[in-house]
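Here the structure is laid out as structure tokens; the discussion comes afterwards.
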2 protein chains.
Amino acid sequence: MANIKQIEGGVTAAKGFQAAGVEAAIKYQNRKDMALVYSTVPCKVAGTFTTNVVKAAPVLWDKKVVEESAFAQAVVVNSGVANACTGKQGLDTCKAEAECAGKLLGIPADSVLVASTGVIGMQLPEDRICAGIEKLVAAKADTLEAGLDAAKAIMTTDTVHKQIALEVEIGGKTVTMGGMCKGSGMIHPNMCTMLGFVTTDANISKELLQKAVSADVVDSFNMISVDGDTSTNDTLLVMANGLAENAEITTEGEDYEIFCAALHEITSYLAKKMAGDGEGATALFETKVVGADTKENARVLAKSVICSSLTKAAIFGHDANWGRILCALGYSGVQFDPENVDLYFQSASGKMQIFGNGVACDYSEEEATKIISDPEVTALVDMHMGDAEATAWGCDLSYDYVKINADYRS
Amino acid sequence: MANIKQIEGGVTAAKGFQAAGVEAAIKYQNRKDMALVYSTVPCKVAGTFTTNVVKAAPVLWDKKVVEESAFAQAVVVNSGVANACTGKQGLDTCKAEAECAGKLLGIPADSVLVASTGVIGMQLPEDRICAGIEKLVAAKADTLEAGLDAAKAIMTTDTVHKQIALEVEIGGKTVTMGGMCKGSGMIHPNMCTMLGFVTTDANISKELLQKAVSADVVDSFNMISVDGDTSTNDTLLVMANGLAENAEITTEGEDYEIFCAALHEITSYLAKKMAGDGEGATALFETKVVGADTKENARVLAKSVICSSLTKAAIFGHDANWGRILCALGYSGVQFDPENVDLYFQSASGKMQIFGNGVACDYSEEEATKIISDPEVTALVDMHMGDAEATAWGCDLSYDYVKINADYRS
């Protein structure tokens with residue numbers, strides 16, 4: 001329906017958005033570790049946040065801004081230190097951070113969002129944060145390069161930066177949308193993992209923006225997992241500044257549908273990028289469940305497979321150990337008859353049925369190994385119970401996941 | 001209350017029980033891979049089985065025997081092939097196996113239990129199974145050695161065999177109870193992981209035996225996890241032949257309480273042994289939650305911590321990365337105020353508070369590293385919400401877990 005065209009760039013692609021990424025030595029040395037996203041005009045903002053009971057201080061701050069502030073206009077992000085489990089001092093730091101940015105940008109402190117990612121338990125160094133904000137404000141620009149700097153500055157154990165931008169026509173106007181995210185470990189969104197930031201010049205009411213975002217994450221960020229650990233800092237923020245000048249989207253008609261389709265293009269791209277860049281990952285492992293009785297059951301089944309440590313290790317070993325997939329479907333909590341399940345492996349190298357009628361198919365082990373040795377592997381599961389579908393994305397489990405996490409703090 | 005005395009041995013410790021372990025070349029070569037447990041007289045039998053929707057053929061067979069047969073008298077076990085996802089042929093093999101053992105032992109086929117563990121999806125070689133049963137029946141004996149042979153034959157990726165026996169007085173008679181189990185990967189009991197077999201000469205009604213077993217696993221086998229994968233084959237069988245000649249336990253009085261205490265001694269010992277021998281594990285990682293508002297919440301919290309891949313990797317790296325424990329408590333689904341949680345690390349090397357009042361305590365990192373470098377490490381969590389407690393057992397996540405599971409089938 002929506003005629004979506006991918007373009008270059010990320011959070012600075014849409015009209016009126018500027019960004020920056022600078023070195024602030026918060027914890028990392030000699031690399032960019034603070035980012036700014038700024039809109040020249042006030043934005044509607046929507047967000048979804050971790051469901052973890054232990055919420056990082058920036059999450060508490062941002063929830064308040066999203067729910068109570070009339071508008072938002074800037075996001076300040078740091079990597080290296082998560083500002084989680086930091087008590088009252090951690091909250092005070094968020095406030096100081098927003099006040100500092102607000103003063104330098106000439107906007108109210110309660111229109112400044114903050115986000116942090118990194119080690120849990122350490123306090124943020126307030127002086128270095130404020131010095132970083134000064135550099136960010138001086139460096140901010142609406143260029144592709146500035147957007148890229150920001151996407152790089154928010155990385156922790158990520159091996160690649162993650163950004164995307166697109167154009168779509170809404171109500172006769174060209175609307176642009178861009179996003180970036182980070183996330184590699186402690187990734188099991190609910191909602192959502194990681195830090196994600198989407199900017200758009202679309203004109204949409206705050207109510208519908210939040211509705212679109214909340215509905216979207218269920219099938220994008222909430223369908224990925226790297227390690228089953230739902231972070232304390234998970235945050236997705238979407239800012240819409242209206243500069244595309246389309247008639248404001250205030251009802252759930254065609255314009256809203258197109259907006260949602262464009263948003264999903266951004267979020268599912270970023271979600272897959274995160275899964276494929278899971279800590280230590282050598283492959284993106286996708287599980288697509290079709291023929292389920294309900295959408296929710298399809299989601300649960302798909303997610304159970306990509307979360308299975310044994311399946312993930314088998315993918316790493318290029319071993320078509322399909323029994324582990326059946327096992328993971330079986331303990332998902334969804335009721336089904338194993339006799340009716342068809343299982344296929346699929347990748348750029350081909351597609352092959354592995355299991356059907358309750359037993360293994362007569363397949364070539366060599367051919368199966370070839371299929372699952374590709375950098376993007378799909379397990380396709382047909383439940384034959386209905387027509388609901390869902391897709392989940394994860395990665396393999398490698399030695400490097402253990403290496404990275406046995407000694408992350410040092 | 002119960003005066004429980006640990007003694008040497010395993011499944012042959014109790015009166016009237018014989019066992020054997022032999023080489024049958026089911027899949028492994030040059031090692032024992034079939035076991036028999038046999039009672040000279042008929043037994044009451046109780047069992048708990050995997051909750052996985054995909055149930056292995058032996059699980060289906062045993063459920064029927066436990067629920068419908070008047071008594072049971074023998075268990076035949078093989079390692080190497082799980083007989084799961086094997087359709088009708090797999091079920092036929094179970095029947096043939098029970099008929100073969102029944103004929104050779106002179107007992108009804110429906111009093112023979114069967115169990116399998118190993119690779120999912122392969123059919124069992126019926127001829128070699130039957131040849132193995134002949135050897136088992138010829139070799140069966142009531143010696144400690146025969147019990148040990150059986151405990152060794154059921155191992156797959158286990159690095160040590162697991163058995164225990166004890167004596168306790170019930171109604172003026174000495175009752176003996178012994179058990180063995182296997183389990184190292186695909187361990188996330190619900191109920192229960194692994195294969196476990198407990199034999200006793202206690203005299204107890206079938207109804208109370210099942211009640212005791214079902215209640216027990218909630219705090220023993222169901223409180224351990226190696227990798228979050230609930231197997232297709234999980235089976236715990238408890239056989240009671242009454243030869244201790246205590247007055248039959250038919251009500252929930254003192255004798256029943258003593259029986260349950262003895263059973264828990266056996267099952268919690270075996271459960272901890274399995275967790276500590278998790279695939280690739282270098283340490284047993286225990287999480288004890290105290291001060292929870294309900295018993296069920298205590299269980300959920302404790303299990304969430306021992307299941308966290310990030311926490312497990314930190315234990316492997318001897319890194320006191322307590323933020324991951326707070327994070328795992330936070331996403332468990334239990335509601336609580338992080339400000340009220342106290343966290344301690346504890347081992348043979350000492351005990352130290354790490355977190356309290358919502359922030360890190362002022363502890364020595366060096367001392368903490370020392371404590372969590374022991375082969376048995378406990379995270380003690382005080383929720384300060386009530387007086388419910390629970391303990392869960394897991395292990396660290398090491399390179400060897402990945403190695404073992406990236407290439408298990410070959």
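Scheme for the structure tokens: letters A, B, ... for chains in order shown; per-chain residue numbers from 1; ligand numbers from 1 in order shown.
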Problem - Proximal residues of chain B relative to chain A (only C-alpha atoms; 8 Å) as an MDAnalysis selection string - result: chainID B and resid 51:54 85:87 119:121 186 227:232 308:310 313:319 321 323:324 326:339 357:360 397:399 402:403 405:407 409
Practice task
Using DSSP on the backbone coordinates, identify all residues within range 266-376 of chain A classified as helix (DSSP H, G or I); present the result as number ranges by chain.
Solution key: A: 266-276, 295-307, 309-316, 323-330, 338-340, 365-371
Residues near Lys63 in chain B, anyone? I mean within 9 Å using only C-alpha atoms, not counting same-chain ones fewer than 6 positions away, as a short mmCIF file (atom, residue, chain, number, x, y, z; two decimals) with N, CA, C and O atoms, in the first residue's frame.
```
data_model
loop_
_atom_site.label_atom_id
_atom_site.label_comp_id
_atom_site.auth_asym_id
_atom_site.auth_seq_id
_atom_site.Cartn_x
_atom_site.Cartn_y
_atom_site.Cartn_z
N GLY B 47 5.46 -41.00 39.13
CA GLY B 47 6.35 -40.35 38.17
C GLY B 47 5.92 -38.93 37.89
O GLY B 47 4.77 -38.56 38.09
N THR B 48 6.88 -38.13 37.46
CA THR B 48 6.55 -36.83 36.88
C THR B 48 7.32 -36.74 35.58
O THR B 48 8.41 -37.29 35.46
N PHE B 49 6.72 -36.04 34.62
CA PHE B 49 7.26 -36.06 33.26
C PHE B 49 7.33 -34.66 32.69
O PHE B 49 6.72 -33.73 33.21
#
```
If you run DSSP on the backbone here, which positions in range 266-339 of chain B get strand (DSSP E or B)? Please write them as a compact mmCIF listing (two decimals) with all heavy atoms, in the first residue's frame.
```txt
# COMPACT_ATOMS: atom_id res chain seq x y z
N LEU B 284 29.11 -24.51 40.39
CA LEU B 284 27.70 -24.59 40.77
C LEU B 284 27.30 -23.19 41.22
O LEU B 284 27.96 -22.60 42.07
CB LEU B 284 27.51 -25.58 41.92
CG LEU B 284 26.12 -25.63 42.57
CD1 LEU B 284 25.10 -26.24 41.62
CD2 LEU B 284 26.14 -26.43 43.87
N PHE B 285 26.25 -22.64 40.64
CA PHE B 285 25.81 -21.29 41.01
C PHE B 285 24.44 -21.37 41.65
O PHE B 285 23.46 -21.72 40.99
CB PHE B 285 25.78 -20.40 39.76
CG PHE B 285 25.24 -19.02 40.02
CD1 PHE B 285 25.67 -18.27 41.10
CD2 PHE B 285 24.29 -18.45 39.17
CE1 PHE B 285 25.18 -17.00 41.35
CE2 PHE B 285 23.79 -17.18 39.40
CZ PHE B 285 24.23 -16.45 40.49
N GLU B 286 24.40 -21.07 42.95
CA GLU B 286 23.16 -21.17 43.71
C GLU B 286 22.61 -19.77 43.97
O GLU B 286 23.37 -18.85 44.24
CB GLU B 286 23.48 -21.85 45.05
CG GLU B 286 22.34 -21.96 46.02
CD GLU B 286 22.75 -22.68 47.30
OE1 GLU B 286 23.22 -21.99 48.24
OE2 GLU B 286 22.63 -23.91 47.38
N THR B 287 21.31 -19.61 43.83
CA THR B 287 20.70 -18.35 44.23
C THR B 287 19.64 -18.62 45.29
O THR B 287 18.71 -19.39 45.05
CB THR B 287 20.07 -17.62 43.03
OG1 THR B 287 21.10 -17.30 42.10
CG2 THR B 287 19.39 -16.33 43.48
N LYS B 288 19.84 -18.01 46.45
CA LYS B 288 18.89 -18.20 47.55
C LYS B 288 18.15 -16.88 47.76
O LYS B 288 18.78 -15.85 48.00
CB LYS B 288 19.63 -18.60 48.81
CG LYS B 288 18.70 -18.88 49.98
CD LYS B 288 19.39 -19.58 51.13
CE LYS B 288 18.33 -19.96 52.17
NZ LYS B 288 18.88 -20.60 53.34
N VAL B 289 16.85 -16.91 47.61
CA VAL B 289 16.04 -15.72 47.84
C VAL B 289 15.34 -15.86 49.19
O VAL B 289 14.67 -16.87 49.43
CB VAL B 289 15.00 -15.53 46.72
CG1 VAL B 289 14.01 -14.43 47.07
CG2 VAL B 289 15.71 -15.21 45.41
N VAL B 290 15.52 -14.89 50.07
CA VAL B 290 14.81 -14.89 51.35
C VAL B 290 14.00 -13.61 51.45
O VAL B 290 14.21 -12.66 50.69
CB VAL B 290 15.79 -15.01 52.55
CG1 VAL B 290 16.63 -16.28 52.46
CG2 VAL B 290 16.69 -13.78 52.64
N GLY B 291 13.06 -13.58 52.39
CA GLY B 291 12.27 -12.36 52.63
C GLY B 291 11.32 -12.02 51.50
O GLY B 291 10.89 -10.87 51.38
N ALA B 292 10.95 -13.01 50.67
CA ALA B 292 9.99 -12.74 49.59
C ALA B 292 8.57 -12.74 50.16
O ALA B 292 8.33 -13.26 51.25
CB ALA B 292 10.12 -13.78 48.49
```
Near range 166-176 of chain A, 7 Å: range 2-23 of chain A residue rows, closest pairs, only C-alpha atoms, as JSON lines:
```
{"residue": "A:Asn3", "atom": "CA", "partner": "A:Val168", "partner_atom": "CA", "distance": 6.0}
{"residue": "A:Ile4", "atom": "CA", "partner": "A:Val168", "partner_atom": "CA", "distance": 4.9}
{"residue": "A:Lys5", "atom": "CA", "partner": "A:Glu167", "partner_atom": "CA", "distance": 5.2}
{"residue": "A:Gln6", "atom": "CA", "partner": "A:Leu166", "partner_atom": "CA", "distance": 4.1}
{"residue": "A:Ile7", "atom": "CA", "partner": "A:Leu166", "partner_atom": "CA", "distance": 5.0}
{"residue": "A:Ala13", "atom": "CA", "partner": "A:Thr176", "partner_atom": "CA", "distance": 6.7}
{"residue": "A:Ala14", "atom": "CA", "partner": "A:Thr176", "partner_atom": "CA", "distance": 4.8}
```
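The spacing separating CA of Glu126 in chain B from CA of Leu36 in chain B amounts to 16.4 Å.
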Practice task
Have a look at CA of Asp255 in chain B and CA of Val218 in chain B and let me know their distance in Å, one decimal.
Solution key: 20.9 Å
Practice task
Would you kindly return, as a PyMOL selection string, each protein, DNA or RNA residue with an atom no farther than 8 Å from any atom of Met223 in chain A, considering only C-alpha atoms and excluding same-chain residues fewer than 2 positions away?
Solution key: chain A and resi 189+218-221+225+299+303+391-393
Put those residues in a file: all heavy atoms, as a CSV table (one decimal), in the first residue's frame.
```csv
chain,number,residue,atom,x,y,z
A,189,PRO,N,14.0,-7.8,24.3
A,189,PRO,CA,13.1,-6.6,24.4
A,189,PRO,C,11.8,-7.0,24.9
A,189,PRO,O,11.2,-8.0,24.5
A,189,PRO,CB,13.0,-6.1,23.0
A,189,PRO,CG,14.1,-6.7,22.2
A,189,PRO,CD,14.4,-8.0,22.9
A,218,VAL,N,5.5,-4.5,19.3
A,218,VAL,CA,5.1,-5.9,19.5
A,218,VAL,C,5.7,-6.8,18.5
A,218,VAL,O,6.1,-8.0,18.7
A,218,VAL,CB,3.6,-6.0,19.6
A,218,VAL,CG1,3.1,-7.5,19.8
A,218,VAL,CG2,3.1,-5.1,20.7
A,219,ASP,N,5.7,-6.3,17.2
A,219,ASP,CA,6.2,-7.2,16.1
A,219,ASP,C,7.6,-6.7,15.6
A,219,ASP,O,8.0,-7.2,14.5
A,219,ASP,CB,5.2,-7.2,15.0
A,219,ASP,CG,4.0,-8.1,15.3
A,219,ASP,OD1,4.3,-9.2,15.7
A,219,ASP,OD2,2.9,-7.6,15.2
A,220,SER,N,8.2,-5.8,16.3
A,220,SER,CA,9.6,-5.5,15.8
A,220,SER,C,10.6,-5.7,16.9
A,220,SER,O,11.1,-6.8,17.1
A,220,SER,CB,9.6,-4.0,15.3
A,220,SER,OG,9.2,-3.1,16.3
A,221,PHE,N,10.8,-4.7,17.8
A,221,PHE,CA,11.8,-4.9,18.8
A,221,PHE,C,11.5,-6.0,19.8
A,221,PHE,O,12.4,-6.6,20.3
A,221,PHE,CB,12.1,-3.6,19.5
A,221,PHE,CG,12.7,-2.5,18.6
A,221,PHE,CD1,12.1,-1.3,18.4
A,221,PHE,CD2,14.0,-2.8,18.1
A,221,PHE,CE1,12.7,-0.4,17.6
A,221,PHE,CE2,14.6,-1.8,17.2
A,221,PHE,CZ,13.9,-0.6,17.0
A,225,SER,N,15.8,-11.4,20.3
A,225,SER,CA,16.5,-11.7,21.5
A,225,SER,C,17.9,-12.1,21.2
A,225,SER,O,18.2,-12.8,20.2
A,225,SER,CB,15.8,-12.9,22.2
A,225,SER,OG,16.4,-13.2,23.4
A,299,ARG,N,3.7,-15.6,17.7
A,299,ARG,CA,4.8,-14.9,18.3
A,299,ARG,C,5.5,-15.7,19.4
A,299,ARG,O,6.8,-15.8,19.4
A,299,ARG,CB,4.3,-13.6,19.0
A,299,ARG,CG,3.8,-12.5,18.0
A,299,ARG,CD,3.5,-11.2,18.8
A,299,ARG,NE,2.8,-10.3,17.9
A,299,ARG,CZ,1.5,-9.9,18.1
A,299,ARG,NH1,0.8,-10.4,19.1
A,299,ARG,NH2,1.0,-9.0,17.3
A,303,LYS,N,9.4,-16.9,19.0
A,303,LYS,CA,10.4,-16.4,20.0
A,303,LYS,C,11.0,-17.5,20.8
A,303,LYS,O,12.2,-17.4,21.2
A,303,LYS,CB,9.7,-15.4,20.9
A,303,LYS,CG,10.6,-14.3,21.3
A,303,LYS,CD,9.9,-13.0,21.8
A,303,LYS,CE,10.9,-12.2,22.5
A,303,LYS,NZ,10.3,-11.0,23.1
A,391,THR,N,7.2,-13.5,13.0
A,391,THR,CA,8.6,-13.7,12.7
A,391,THR,C,9.4,-13.2,13.9
A,391,THR,O,9.2,-12.1,14.4
A,391,THR,CB,9.1,-13.0,11.5
A,391,THR,OG1,8.3,-13.5,10.4
A,391,THR,CG2,10.6,-13.3,11.1
A,392,ALA,N,10.4,-13.9,14.3
A,392,ALA,CA,11.3,-13.5,15.4
A,392,ALA,C,12.8,-13.6,14.9
A,392,ALA,O,13.1,-14.4,14.1
A,392,ALA,CB,11.1,-14.3,16.7
A,393,TRP,N,13.6,-12.7,15.5
A,393,TRP,CA,15.0,-12.7,15.0
A,393,TRP,C,15.9,-12.8,16.2
A,393,TRP,O,15.8,-12.1,17.2
A,393,TRP,CB,15.3,-11.4,14.3
A,393,TRP,CG,14.4,-11.1,13.1
A,393,TRP,CD1,14.6,-11.6,11.9
A,393,TRP,CD2,13.3,-10.3,13.1
A,393,TRP,NE1,13.6,-11.2,11.1
A,393,TRP,CE2,12.8,-10.3,11.8
A,393,TRP,CE3,12.6,-9.5,14.0
A,393,TRP,CZ2,11.6,-9.6,11.3
A,393,TRP,CZ3,11.5,-8.8,13.6
A,393,TRP,CH2,11.0,-8.9,12.3
```
Problem - Nearby residues (only C-alpha atoms) at most 12 Å from Gln163 in chain A, same-chain spacing under 2 positions excluded, as a PyMOL selection string - result: chain A and resi 6-13+144-145+147-152+154-155+160-161+165-166+177-182+196-199+265-274
Write a file of the just-selected residues containing C-alpha atoms, as a CSV table (one decimal), in the first residue's frame.
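Result saved to out_27.csv:
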```
chain,number,residue,atom,x,y,z
A,6,GLN,CA,14.7,3.9,1.3
A,7,ILE,CA,17.2,6.8,1.3
A,8,GLU,CA,20.6,7.5,2.8
A,9,GLY,CA,21.1,8.6,6.3
A,10,GLY,CA,19.5,8.1,9.8
A,11,VAL,CA,18.2,10.5,12.4
A,12,THR,CA,19.1,13.7,10.5
A,13,ALA,CA,17.3,12.6,7.3
A,144,LEU,CA,24.4,12.8,7.1
A,145,GLU,CA,27.8,12.8,8.7
A,147,GLY,CA,23.7,11.5,12.0
A,148,LEU,CA,26.4,8.9,11.5
A,149,ASP,CA,28.5,10.3,14.3
A,150,ALA,CA,25.5,10.0,16.7
A,151,ALA,CA,24.8,6.4,15.6
A,152,LYS,CA,28.4,5.5,16.3
A,154,ILE,CA,25.8,5.2,21.2
A,155,MET,CA,27.4,1.8,20.5
A,160,VAL,CA,28.5,-2.1,13.5
A,161,HIS,CA,26.4,1.1,13.8
A,165,ALA,CA,16.1,6.4,6.6
A,166,LEU,CA,13.2,6.4,4.2
A,177,MET,CA,11.7,9.2,8.7
A,178,GLY,CA,15.0,8.0,10.0
A,179,GLY,CA,16.2,6.0,12.9
A,180,MET,CA,19.3,4.6,14.8
A,181,CYS,CA,19.7,2.1,17.6
A,182,LYS,CA,22.3,0.3,19.6
A,196,GLY,CA,16.4,3.3,19.7
A,197,PHE,CA,15.7,6.7,18.3
A,198,VAL,CA,13.4,7.5,15.4
A,199,THR,CA,12.9,11.0,13.9
A,265,GLU,CA,10.0,-0.6,8.0
A,266,ILE,CA,12.4,1.4,10.2
A,267,THR,CA,11.9,-0.5,13.4
A,268,SER,CA,12.0,-4.0,11.9
A,269,TYR,CA,15.2,-3.1,10.0
A,270,LEU,CA,16.8,-1.8,13.1
A,271,ALA,CA,15.6,-4.9,15.2
A,272,LYS,CA,17.0,-7.3,12.6
A,273,LYS,CA,20.3,-5.4,12.6
A,274,MET,CA,20.5,-5.7,16.4
```
Handout entry: Residues within 9 Å of Val66 in chain A, only C-alpha atoms, excluding chain neighbours under 5 positions, as a list in words
Key = Lys44, Val45, Ala46, Gly47, Trp61, Phe71, Ala72, Ser111, Leu113 and Leu237 of chain A
Shell of 12 Å around Glu254 in chain B, only C-alpha atoms, local chain residues under 2 positions omitted, as an mmCIF file with C-alpha atoms, in the first residue's frame:
```
data_model
loop_
_atom_site.group_PDB
_atom_site.id
_atom_site.type_symbol
_atom_site.label_atom_id
_atom_site.label_comp_id
_atom_site.auth_asym_id
_atom_site.auth_seq_id
_atom_site.Cartn_x
_atom_site.Cartn_y
_atom_site.Cartn_z
ATOM 1 C CA MET B 1 12.522 -33.980 62.458
ATOM 2 C CA ALA B 2 13.545 -36.914 60.321
ATOM 3 C CA GLU B 169 13.378 -44.714 60.456
ATOM 4 C CA ILE B 170 9.673 -44.796 59.659
ATOM 5 C CA GLY B 171 7.183 -46.391 62.053
ATOM 6 C CA ILE B 249 1.788 -44.931 54.796
ATOM 7 C CA THR B 250 -1.763 -44.098 53.774
ATOM 8 C CA THR B 251 -2.355 -40.720 55.442
ATOM 9 C CA GLU B 252 -0.416 -37.481 55.689
ATOM 10 C CA TYR B 256 4.508 -39.284 55.468
ATOM 11 C CA GLU B 257 6.426 -36.178 56.576
ATOM 12 C CA ILE B 258 9.526 -38.266 57.268
ATOM 13 C CA PHE B 259 9.176 -39.993 53.910
ATOM 14 C CA CYS B 260 8.921 -36.617 52.155
ATOM 15 C CA ALA B 261 11.956 -35.274 54.008
#
```
Exercise for the section: Can you work out the spacing between CA of Gly278 in chain B and CA of Leu263 in chain B in Å, to one decimal? Expected result: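 Distance reported for this atom pair: 22.5 Å.
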